[in-house]
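What follows is the content of upload12.txt (compact mmCIF, C-alpha atoms and all ligand atoms).
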```txt
# COMPACT_ATOMS: atom_id res chain seq x y z
CA MET P 273 78.72 76.73 -23.63
CA GLN P 274 75.49 75.44 -25.15
CA ASN P 275 72.89 74.23 -22.64
CA GLN P 276 75.40 74.75 -19.87
CA ASN P 277 73.98 76.21 -16.68
CA ILE P 278 75.34 79.54 -15.55
CA TYR P 279 75.82 79.90 -11.82
CA ILE P 280 76.17 83.45 -10.51
CA LEU P 281 77.07 84.40 -6.97
CA ALA P 282 75.71 87.90 -6.36
CA ILE P 283 76.60 90.32 -3.60
CA GLU P 284 74.68 93.40 -2.48
CA SER P 285 75.98 95.82 0.17
CA SER P 286 74.89 99.29 -0.98
CA CYS P 287 73.06 100.40 2.17
CA ASP P 288 72.15 98.54 5.37
CA ASP P 289 71.41 95.03 4.09
CA THR P 290 74.22 92.55 3.49
CA SER P 291 72.96 90.06 0.96
CA ALA P 292 74.28 87.18 -1.13
CA ALA P 293 72.39 85.09 -3.65
CA VAL P 294 73.09 82.20 -5.99
CA LEU P 295 71.30 81.99 -9.31
CA CYS P 296 71.20 79.19 -11.83
CA ASN P 297 70.54 81.07 -15.07
CA ASP P 298 67.53 83.34 -14.32
CA GLU P 299 66.27 81.30 -11.35
CA VAL P 300 67.14 82.02 -7.74
CA LEU P 301 68.60 79.12 -5.76
CA SER P 302 69.21 81.14 -2.60
CA ASN P 303 68.85 84.73 -1.46
CA VAL P 304 70.20 85.47 2.01
CA VAL P 305 69.73 88.91 3.56
CA ALA P 306 71.22 90.09 6.86
CA THR P 307 69.39 93.24 7.85
CA GLN P 308 71.29 95.52 10.20
CA LYS P 309 69.17 96.16 13.27
CA ILE P 310 71.74 98.54 14.78
CA HIS P 311 70.30 101.56 12.91
CA GLU P 312 66.86 101.30 14.52
CA GLU P 313 67.95 103.02 17.72
CA TYR P 314 69.29 105.98 15.70
CA GLY P 315 66.15 106.43 13.60
CA GLY P 316 68.09 106.14 10.33
CA VAL P 317 71.09 104.48 8.67
CA ILE P 318 74.48 105.49 10.15
CA PRO P 319 76.99 104.95 7.29
CA GLU P 320 79.98 104.17 9.51
CA LEU P 321 78.06 101.52 11.43
CA ALA P 322 76.65 100.10 8.19
CA SER P 323 80.09 99.43 6.67
CA ARG P 324 81.31 97.79 9.88
CA ALA P 325 78.25 95.54 10.00
CA HIS P 326 78.81 94.57 6.33
CA GLN P 327 82.37 93.52 7.28
CA GLN P 328 80.94 91.25 9.96
CA HIS P 329 78.13 89.80 7.84
CA ILE P 330 79.64 89.34 4.41
CA VAL P 331 81.50 86.04 4.93
CA PRO P 332 78.74 84.18 6.83
CA VAL P 333 76.09 85.51 4.42
CA VAL P 334 78.01 84.27 1.37
CA HIS P 335 78.63 80.89 3.04
CA GLN P 336 74.94 80.57 3.82
CA ALA P 337 73.90 81.50 0.27
CA LEU P 338 76.20 78.84 -1.21
CA ALA P 339 75.07 76.23 1.32
CA LYS P 340 71.36 76.93 0.78
CA ALA P 341 71.84 76.72 -2.98
CA ASN P 342 73.83 73.51 -2.51
CA ILE P 343 76.50 74.92 -4.78
CA ASP P 344 80.25 74.71 -4.25
CA LYS P 345 82.23 77.83 -5.11
CA ILE P 346 84.18 75.95 -7.76
CA GLN P 347 80.91 75.53 -9.70
CA LEU P 348 80.40 79.31 -9.97
CA SER P 349 80.55 80.90 -13.42
CA ALA P 350 80.94 84.54 -12.24
CA ILE P 351 80.66 86.95 -9.31
CA ALA P 352 78.24 89.87 -9.64
CA PHE P 353 78.31 92.76 -7.17
CA THR P 354 76.69 96.13 -6.59
CA ARG P 355 79.07 98.84 -7.78
CA GLY P 356 76.70 101.68 -6.85
CA PRO P 357 74.83 103.89 -6.18
CA GLY P 358 74.85 103.75 -2.40
CA LEU P 359 76.93 104.47 0.68
CA LEU P 360 80.59 104.34 -0.31
CA GLY P 361 81.82 102.57 2.84
CA SER P 362 79.14 99.93 2.43
CA LEU P 363 79.76 99.46 -1.30
CA LEU P 364 83.51 99.04 -0.68
CA VAL P 365 82.92 95.95 1.45
CA GLY P 366 80.94 94.11 -1.25
CA THR P 367 83.17 95.39 -4.06
CA SER P 368 86.41 94.31 -2.39
CA PHE P 369 84.98 90.94 -1.43
CA ALA P 370 83.68 90.28 -4.96
CA LYS P 371 86.99 91.30 -6.55
CA SER P 372 89.01 89.05 -4.26
CA LEU P 373 86.72 86.08 -4.81
CA SER P 374 86.71 86.47 -8.59
CA LEU P 375 90.52 86.69 -8.60
CA GLY P 376 90.83 83.74 -6.22
CA LEU P 377 88.50 81.55 -8.27
CA GLY P 378 89.69 82.84 -11.64
CA ILE P 379 86.16 83.64 -12.82
CA PRO P 380 84.67 86.83 -14.32
CA LEU P 381 83.63 89.79 -12.21
CA ILE P 382 80.41 91.63 -13.13
CA GLU P 383 79.56 95.09 -11.81
CA VAL P 384 75.88 95.90 -11.36
CA ASN P 385 74.04 99.18 -11.03
CA HIS P 386 71.72 98.86 -8.03
CA MET P 387 68.89 100.82 -9.71
CA GLU P 388 69.08 98.68 -12.83
CA ALA P 389 68.86 95.66 -10.54
CA HIS P 390 65.67 96.87 -8.83
CA ILE P 391 64.14 97.16 -12.30
CA LEU P 392 65.39 93.86 -13.69
CA SER P 393 64.28 92.02 -10.53
CA HIS P 394 61.04 91.61 -12.50
CA TYR P 395 62.96 89.20 -14.76
CA ILE P 396 63.74 86.69 -12.02
CA ARG P 397 62.00 83.55 -13.23
CA GLU P 398 59.41 82.30 -10.76
CA LYS P 399 56.54 79.88 -11.23
CA GLY P 400 53.29 81.70 -11.90
CA ILE P 401 54.90 85.17 -12.00
CA LYS P 402 54.40 87.19 -15.19
CA ARG P 403 57.27 89.35 -16.39
CA PRO P 404 56.73 92.73 -18.06
CA GLU P 405 57.45 93.00 -21.77
CA PHE P 406 59.62 95.75 -23.22
CA PRO P 407 59.01 98.64 -23.29
CA PHE P 408 57.60 99.29 -19.82
CA LEU P 409 57.69 101.96 -17.14
CA ALA P 410 59.44 101.17 -13.87
CA MET P 411 58.87 103.05 -10.65
CA THR P 412 61.43 102.31 -7.94
CA ILE P 413 60.28 103.52 -4.54
CA SER P 414 62.28 102.86 -1.38
CA GLY P 415 64.09 104.50 1.51
CA GLY P 416 66.89 105.50 -0.85
CA HIS P 417 65.20 105.94 -4.22
CA THR P 418 62.28 107.43 -6.09
CA GLN P 419 62.56 107.10 -9.85
CA ILE P 420 60.38 106.60 -12.91
CA VAL P 421 62.33 104.90 -15.67
CA LEU P 422 61.44 104.09 -19.27
CA VAL P 423 62.81 100.59 -19.85
CA ARG P 424 63.29 99.87 -23.56
CA ASP P 425 65.41 96.77 -23.14
CA TYR P 426 67.53 94.99 -20.51
CA PHE P 427 70.22 97.65 -20.70
CA GLN P 428 68.44 100.50 -22.42
CA MET P 429 66.88 102.60 -19.71
CA GLU P 430 66.05 106.27 -19.49
CA VAL P 431 65.31 108.04 -16.22
CA LEU P 432 62.17 110.11 -16.85
CA GLY P 433 61.92 111.54 -13.36
CA GLU P 434 63.40 111.27 -9.90
CA THR P 435 63.26 112.91 -6.52
CA LEU P 436 64.94 116.26 -6.11
CA ASP P 437 65.31 115.78 -2.35
CA ASP P 438 64.00 113.02 -0.04
CA ALA P 439 63.12 109.55 -1.30
CA VAL P 440 59.51 108.46 -0.78
CA GLY P 441 60.51 105.97 1.94
CA GLU P 442 62.24 108.82 3.77
CA ALA P 443 59.03 110.83 3.52
CA PHE P 444 57.19 107.95 5.22
CA ASP P 445 59.93 107.42 7.83
CA LYS P 446 60.43 111.10 8.67
CA SER P 447 56.66 111.66 8.96
CA ALA P 448 56.47 108.62 11.24
CA LYS P 449 59.26 110.03 13.39
CA LEU P 450 57.28 113.26 13.80
CA LEU P 451 54.39 111.12 15.06
CA GLY P 452 56.64 109.39 17.59
CA LEU P 453 56.61 106.06 15.70
CA THR P 454 59.70 103.82 15.65
CA TYR P 455 62.09 103.47 12.68
CA PRO P 456 61.46 102.50 9.94
CA GLY P 457 58.02 104.04 10.30
CA GLY P 458 56.66 103.39 6.78
CA PRO P 459 55.08 100.03 7.64
CA LEU P 460 53.58 101.53 10.84
CA ILE P 461 51.98 104.41 8.95
CA ASP P 462 50.54 101.78 6.61
CA LEU P 463 49.18 99.78 9.56
CA HIS P 464 47.46 102.77 11.22
CA ALA P 465 46.24 104.10 7.86
CA ARG P 466 44.18 100.96 7.24
CA GLU P 467 41.71 102.11 9.92
CA GLY P 468 41.88 105.85 9.29
CA ASN P 469 40.13 108.41 7.11
CA PRO P 470 42.39 109.48 4.23
CA ALA P 471 40.45 112.71 3.75
CA ALA P 472 40.64 113.78 7.43
CA PHE P 473 43.61 116.14 7.10
CA PRO P 474 44.43 117.38 3.60
CA PHE P 475 48.14 118.07 3.11
CA PRO P 476 49.41 120.14 0.19
CA LYS P 477 50.99 118.33 -2.73
CA PRO P 478 54.27 119.76 -4.05
CA ARG P 479 54.33 121.53 -7.38
CA VAL P 480 57.21 120.02 -9.30
CA ASP P 481 57.42 120.25 -13.07
CA GLY P 482 57.64 117.22 -15.30
CA LEU P 483 58.14 113.81 -13.78
CA ASN P 484 60.43 114.76 -10.91
CA PHE P 485 59.37 114.44 -7.27
CA SER P 486 59.90 116.45 -4.11
CA PHE P 487 58.98 115.25 -0.62
CA SER P 488 60.78 117.69 1.68
CA GLY P 489 57.91 120.21 1.63
CA LEU P 490 55.42 117.56 2.71
CA LYS P 491 57.54 116.70 5.74
CA THR P 492 57.67 120.41 6.71
CA SER P 493 53.93 120.87 6.33
CA ILE P 494 53.30 117.78 8.50
CA LEU P 495 55.69 119.19 11.11
CA TYR P 496 53.89 122.57 11.22
CA PHE P 497 50.50 120.85 11.26
CA ILE P 498 51.45 118.71 14.27
CA GLN P 499 53.01 121.67 16.11
CA ARG P 500 49.86 123.73 15.52
CA GLU P 501 47.45 121.01 16.59
CA THR P 502 49.40 119.81 19.66
CA ALA P 503 49.60 123.43 20.89
CA LYS P 504 45.79 123.32 21.03
CA ASN P 505 45.51 119.72 22.26
CA PRO P 506 48.64 117.93 23.58
CA GLN P 507 46.93 114.56 22.96
CA PHE P 508 46.17 115.40 19.32
CA VAL P 509 48.56 112.86 17.76
CA GLN P 510 47.56 109.97 20.03
CA GLU P 511 43.85 110.70 19.55
CA ASN P 512 44.08 111.02 15.76
CA ILE P 513 46.95 108.72 14.80
CA LYS P 514 44.87 106.61 12.39
CA ASP P 515 43.45 109.58 10.51
CA ILE P 516 46.82 111.37 10.39
CA CYS P 517 48.54 108.26 9.00
CA ALA P 518 45.76 107.66 6.47
CA SER P 519 45.99 111.29 5.33
CA ILE P 520 49.79 111.17 4.96
CA GLN P 521 49.62 107.87 3.06
CA HIS P 522 46.88 109.19 0.82
CA THR P 523 48.89 112.33 -0.04
CA ILE P 524 52.05 110.34 -0.84
CA THR P 525 50.06 107.85 -2.92
CA GLU P 526 48.48 110.69 -4.91
CA ILE P 527 51.88 112.30 -5.54
CA LEU P 528 53.19 109.01 -6.96
CA MET P 529 50.05 108.22 -8.96
CA ASP P 530 49.88 111.73 -10.48
CA LYS P 531 53.41 111.33 -11.83
CA LEU P 532 52.78 107.81 -13.07
CA LYS P 533 49.69 109.01 -14.94
CA LYS P 534 51.79 111.78 -16.48
CA ALA P 535 54.45 109.26 -17.50
CA VAL P 536 51.83 106.99 -19.10
CA LYS P 537 50.42 109.97 -20.99
CA LYS P 538 53.86 111.06 -22.17
CA THR P 539 55.02 107.62 -23.34
CA GLY P 540 51.75 105.85 -24.17
CA ILE P 541 53.07 102.87 -22.18
CA LYS P 542 50.61 101.24 -19.77
CA GLN P 543 52.79 98.46 -18.39
CA ILE P 544 54.01 99.62 -14.98
CA ALA P 545 56.54 97.69 -12.89
CA ILE P 546 57.00 98.72 -9.26
CA GLY P 547 59.92 97.90 -6.99
CA GLY P 548 61.57 98.97 -3.73
CA GLY P 549 60.45 98.54 -0.12
CA VAL P 550 57.67 101.14 -0.35
CA SER P 551 55.86 99.00 -2.92
CA ALA P 552 54.63 96.98 0.09
CA ASN P 553 52.40 99.94 0.96
CA SER P 554 48.71 99.02 0.86
CA GLY P 555 47.57 102.49 -0.22
CA ILE P 556 49.88 102.43 -3.24
CA ARG P 557 48.89 98.86 -4.09
CA ASN P 558 45.20 99.76 -3.94
CA ALA P 559 45.72 102.78 -6.16
CA LEU P 560 47.54 100.61 -8.69
CA SER P 561 44.78 98.02 -8.77
CA VAL P 562 42.23 100.79 -9.28
CA ALA P 563 44.33 102.07 -12.20
CA GLU P 564 44.40 98.54 -13.65
CA LYS P 565 40.61 98.44 -13.66
CA GLU P 566 39.85 102.02 -14.59
CA LEU P 567 42.75 102.98 -16.85
CA GLY P 568 43.63 99.62 -18.38
CA TRP P 569 47.12 99.55 -16.87
CA LYS P 570 49.00 96.31 -16.40
CA THR P 571 51.00 96.44 -13.17
CA PHE P 572 53.81 94.23 -11.90
CA ILE P 573 55.12 93.97 -8.33
CA PRO P 574 57.82 91.42 -7.56
CA LYS P 575 57.72 89.16 -4.50
CA PHE P 576 58.47 91.29 -1.43
CA GLU P 577 61.90 89.68 -0.89
CA TYR P 578 62.89 90.98 -4.35
CA CYS P 579 61.40 94.45 -3.69
CA THR P 580 63.62 95.36 -0.74
CA ASP P 581 67.38 95.40 -1.15
CA ASN P 582 68.56 91.89 -2.01
CA ALA P 583 71.32 90.12 -3.94
CA ALA P 584 68.99 88.06 -6.15
CA MET P 585 68.25 91.18 -8.19
CA ILE P 586 72.01 91.77 -8.55
CA GLY P 587 72.30 88.19 -9.75
CA ILE P 588 69.68 88.55 -12.47
CA VAL P 589 71.54 91.53 -13.93
CA GLY P 590 74.73 89.49 -13.57
CA TYR P 591 73.13 86.71 -15.58
CA TYR P 592 72.10 88.98 -18.49
CA LYS P 593 75.52 90.66 -18.50
CA TYR P 594 77.17 87.24 -18.47
CA LEU P 595 75.21 86.28 -21.58
CA GLU P 596 76.61 89.39 -23.28
CA GLY P 597 80.14 88.76 -22.02
CA ASN P 598 80.00 92.13 -20.31
CA PHE P 599 82.61 91.68 -17.58
CA SER P 600 84.45 94.15 -15.35
CA ASP P 601 88.14 94.79 -15.00
CA PRO P 602 89.60 93.87 -11.57
CA SER P 603 90.56 97.54 -11.17
CA VAL P 604 86.84 98.52 -11.00
CA THR P 605 85.96 100.81 -8.06
CA ALA P 606 82.76 101.38 -6.09
CA LEU P 607 80.71 104.44 -7.06
CA ALA P 608 78.50 106.21 -4.51
CA ARG P 609 76.86 108.04 -7.40
CA TYR P 610 76.23 105.84 -10.38
CA LYS P 611 73.68 106.94 -12.92
CA LEU P 612 71.61 104.47 -14.89
CA GLY P 613 73.33 103.76 -18.20
CA GLY P 614 76.68 105.29 -17.19
CA SER P 615 78.81 106.61 -14.37
O1 LIG E 701 63.91 98.86 -0.31
P1 LIG E 701 64.06 99.06 1.15
O2 LIG E 701 63.94 97.86 2.05
O3 LIG E 701 65.44 99.67 1.49
C1 LIG E 701 65.97 100.80 0.87
O4 LIG E 701 65.61 101.89 1.30
O5 LIG E 701 66.74 100.65 -0.10
O6 LIG E 701 62.98 100.14 1.57
C2 LIG E 701 62.84 100.54 2.90
C3 LIG E 701 61.81 101.64 2.93
C4 LIG E 701 61.71 102.29 4.30
O7 LIG E 701 61.68 103.68 4.12
C5 LIG E 701 60.38 101.76 4.82
O8 LIG E 701 59.75 102.63 5.72
C6 LIG E 701 59.60 101.63 3.54
O9 LIG E 701 60.52 101.11 2.61
N1 LIG E 701 58.45 100.72 3.66
C7 LIG E 701 57.16 101.14 3.63
C8 LIG E 701 56.36 99.98 3.80
N2 LIG E 701 57.19 98.90 3.93
C9 LIG E 701 58.47 99.38 3.83
N3 LIG E 701 56.65 102.35 3.46
C10 LIG E 701 55.31 102.47 3.47
N4 LIG E 701 54.48 101.41 3.65
C11 LIG E 701 54.95 100.17 3.81
N5 LIG E 701 54.12 99.14 3.97
ZN ZN E 702 67.51 99.72 -3.20
```

Taking this structure as input, can you express it in the form of structure tokens?
Amino acid sequence: MQNQNIYILAIESSCDDTSAAVLCNDEVLSNVVATQKIHEEYGGVIPELASRAHQQHIVPVVHQALAKANIDKIQLSAIAFTRGPGLLGSLLVGTSFAKSLSLGLGIPLIEVNHMEAHILSHYIREKGIKRPEFPFLAMTISGGHTQIVLVRDYFQMEVLGETLDDAVGEAFDKSAKLLGLTYPGGPLIDLHAREGNPAAFPFPKPRVDGLNFSFSGLKTSILYFIQRETAKNPQFVQENIKDICASIQHTITEILMDKLKKAVKKTGIKQIAIGGGVSANSGIRNALSVAEKELGWKTFIPKFEYCTDNAAMIGIVGYYKYLEGNFSDPSVTALARYKLGGS
């Protein structure tokens, strides 16, 4: 075993991205993602269509990942796959594929918790990229998740807070939909916000105890605000799109930053690692760099391809589990709900 390279093929299919990656130890050799465009016309992910698209994509995506990595399947040490949380029909495609391949090749199968993977994506080794040291705080923000996690070690994580309703990406996307923007609207809000006044339209921030989040009230107050203003001026949204977007982005950023500040105060930890698609948001990134300067925080954001759903992050967890000999039984099943540190 000594000095022998470990090659992991990782598979991710928890939502609407079919992804396969090959890692050599903690370095990524390939990371192929097939994003399902079909959901755009529906303004959100349709689970039934997602699982069908995974069925179509999984074989070519795996082939491509192996080819790009220049690795033959007989060289693989193990297969890692997302067991959950996510859409059950989607998870079943990746789970079944991974189980069959591990049985066919006679190599270990490694189940991975998708949320753990977002967090450990910071441990993918890349030239010039610093990795957080334990303990650190992780905030995972995407279309499916909003969590603050205390990370003590690779597999010792405690959820300090999470959303009680919508994820932060949903808050962006649903607000964008109300403004007539296309799905997913988060990046478009960001784009308009860059030229708008964040203080133009103050929206109320939810009152949620502790470190949990709630975004459904914000969506409702934006809806009422737009209904009220367009009743007075039907062109209100078109005429004020930049200021509306900047105000929404500012409110969401403040909600996240308030909770992060609370988490730092509670734990005394100032290393903050961000992940998930929403970490691309310029308002959030600016707020984090201000906190670095003013509050002495050290913040970490992985490369964007490792922020959104991807198999490389599944592979890095696979690698650390492989080192521990933590393998799964072939009878393992997908779990739509899968808490960090347990089922
Ligand atoms: O991680 P991700 O690709 O997929 C999952 O949801 O798991 O995240 C997608 C989410 C969408 O809600 C999208 O609108 C949001 O991330 N997003 C953004 C930005 N880029 C992506 N939200 C705000 N600003 C952005 N720049
Ligand atoms: Zn995710």

Assuming 6 Å of padding per side, give the centre and edge lengths of the axis-aligned box around every listed atom of region 430-444 of chain P, in Å to one decimal and as lines of an AutoDock Vina configuration file.
```
center_x = 61.6
center_y = 111.1
center_z = -7.1
size_x = 20.9
size_y = 22.3
size_z = 36.7
```

Practice task
Kindly indicate which residue among P:Pro456, P:Ser488, P:Gly547, P:Asn469 lies nearest to Thr435 (chain P), using only C-alpha atoms for the distances.
Solution key: P:Ser488

Check which residues of chain P sit at most 9 Å from ligand ZN 702 (chain E) using all atoms listed in the file, and return one row each with the closest pair of atoms and their distance in Å to one decimal, ordered by chain and rising number, as CSV.
```
residue,atom,partner,partner_atom,distance
P:Ser286,CA,E:ZN702,ZN,7.7
P:Cys287,CA,E:ZN702,ZN,7.8
P:Pro357,CA,E:ZN702,ZN,8.9
P:Gly358,CA,E:ZN702,ZN,8.4
P:His386,CA,E:ZN702,ZN,6.5
P:Met387,CA,E:ZN702,ZN,6.7
P:Ala389,CA,E:ZN702,ZN,8.5
P:His390,CA,E:ZN702,ZN,6.6
P:Thr412,CA,E:ZN702,ZN,8.1
P:Ile413,CA,E:ZN702,ZN,8.3
P:Ser414,CA,E:ZN702,ZN,6.4
P:Gly415,CA,E:ZN702,ZN,7.5
P:Gly416,CA,E:ZN702,ZN,6.3
P:His417,CA,E:ZN702,ZN,6.7
P:Gly547,CA,E:ZN702,ZN,8.7
P:Gly548,CA,E:ZN702,ZN,6.0
P:Gly549,CA,E:ZN702,ZN,7.8
P:Cys579,CA,E:ZN702,ZN,8.1
P:Thr580,CA,E:ZN702,ZN,6.3
P:Asp581,CA,E:ZN702,ZN,4.8
P:Asn582,CA,E:ZN702,ZN,8.0
```

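The nearest approach to Ile346 (chain P) among the residues P:Tyr594, P:Tyr279, P:Phe599, P:Phe485, with all atoms listed in the file taken into account, belongs to P:Tyr279.
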
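Going from CA of Leu436 (chain P) over to CA of Pro474 (chain P), you cover 22.7 Å.
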
Take region 432-447 of chain P, bring it up to N, CA and C atoms, and give me the output as a short mmCIF file (atom, residue, chain, number, x, y, z; two decimals), in the coordinates of the input.
```
data_model
loop_
_atom_site.label_atom_id
_atom_site.label_comp_id
_atom_site.auth_asym_id
_atom_site.auth_seq_id
_atom_site.Cartn_x
_atom_site.Cartn_y
_atom_site.Cartn_z
N LEU P 432 63.10 109.04 -16.44
CA LEU P 432 62.17 110.11 -16.85
C LEU P 432 61.97 111.11 -15.73
N GLY P 433 62.11 110.64 -14.50
CA GLY P 433 61.92 111.54 -13.36
C GLY P 433 62.48 110.92 -12.11
N GLU P 434 62.90 111.78 -11.18
CA GLU P 434 63.40 111.27 -9.90
C GLU P 434 63.23 112.33 -8.83
N THR P 435 63.48 111.94 -7.58
CA THR P 435 63.26 112.91 -6.52
C THR P 435 64.37 113.96 -6.51
N LEU P 436 63.97 115.17 -6.18
CA LEU P 436 64.94 116.26 -6.11
C LEU P 436 65.48 116.40 -4.69
N ASP P 437 64.84 115.72 -3.74
CA ASP P 437 65.31 115.78 -2.35
C ASP P 437 65.15 114.42 -1.67
N ASP P 438 64.16 114.29 -0.77
CA ASP P 438 64.00 113.02 -0.04
C ASP P 438 63.42 111.93 -0.95
N ALA P 439 63.77 110.68 -0.63
CA ALA P 439 63.12 109.55 -1.30
C ALA P 439 61.76 109.34 -0.63
N VAL P 440 60.87 108.63 -1.32
CA VAL P 440 59.51 108.46 -0.78
C VAL P 440 59.52 107.69 0.54
N GLY P 441 60.42 106.71 0.67
CA GLY P 441 60.51 105.97 1.94
C GLY P 441 60.94 106.89 3.07
N GLU P 442 61.83 107.83 2.75
CA GLU P 442 62.24 108.82 3.77
C GLU P 442 61.05 109.68 4.17
N ALA P 443 60.21 110.02 3.21
CA ALA P 443 59.03 110.83 3.52
C ALA P 443 58.14 110.07 4.51
N PHE P 444 57.97 108.77 4.28
CA PHE P 444 57.19 107.95 5.22
C PHE P 444 57.90 107.91 6.59
N ASP P 445 59.20 107.62 6.56
CA ASP P 445 59.93 107.42 7.83
C ASP P 445 60.04 108.71 8.64
N LYS P 446 60.29 109.83 7.94
CA LYS P 446 60.43 111.10 8.67
C LYS P 446 59.07 111.55 9.22
N SER P 447 58.00 111.32 8.47
CA SER P 447 56.66 111.66 8.96
C SER P 447 56.36 110.81 10.19
#
```
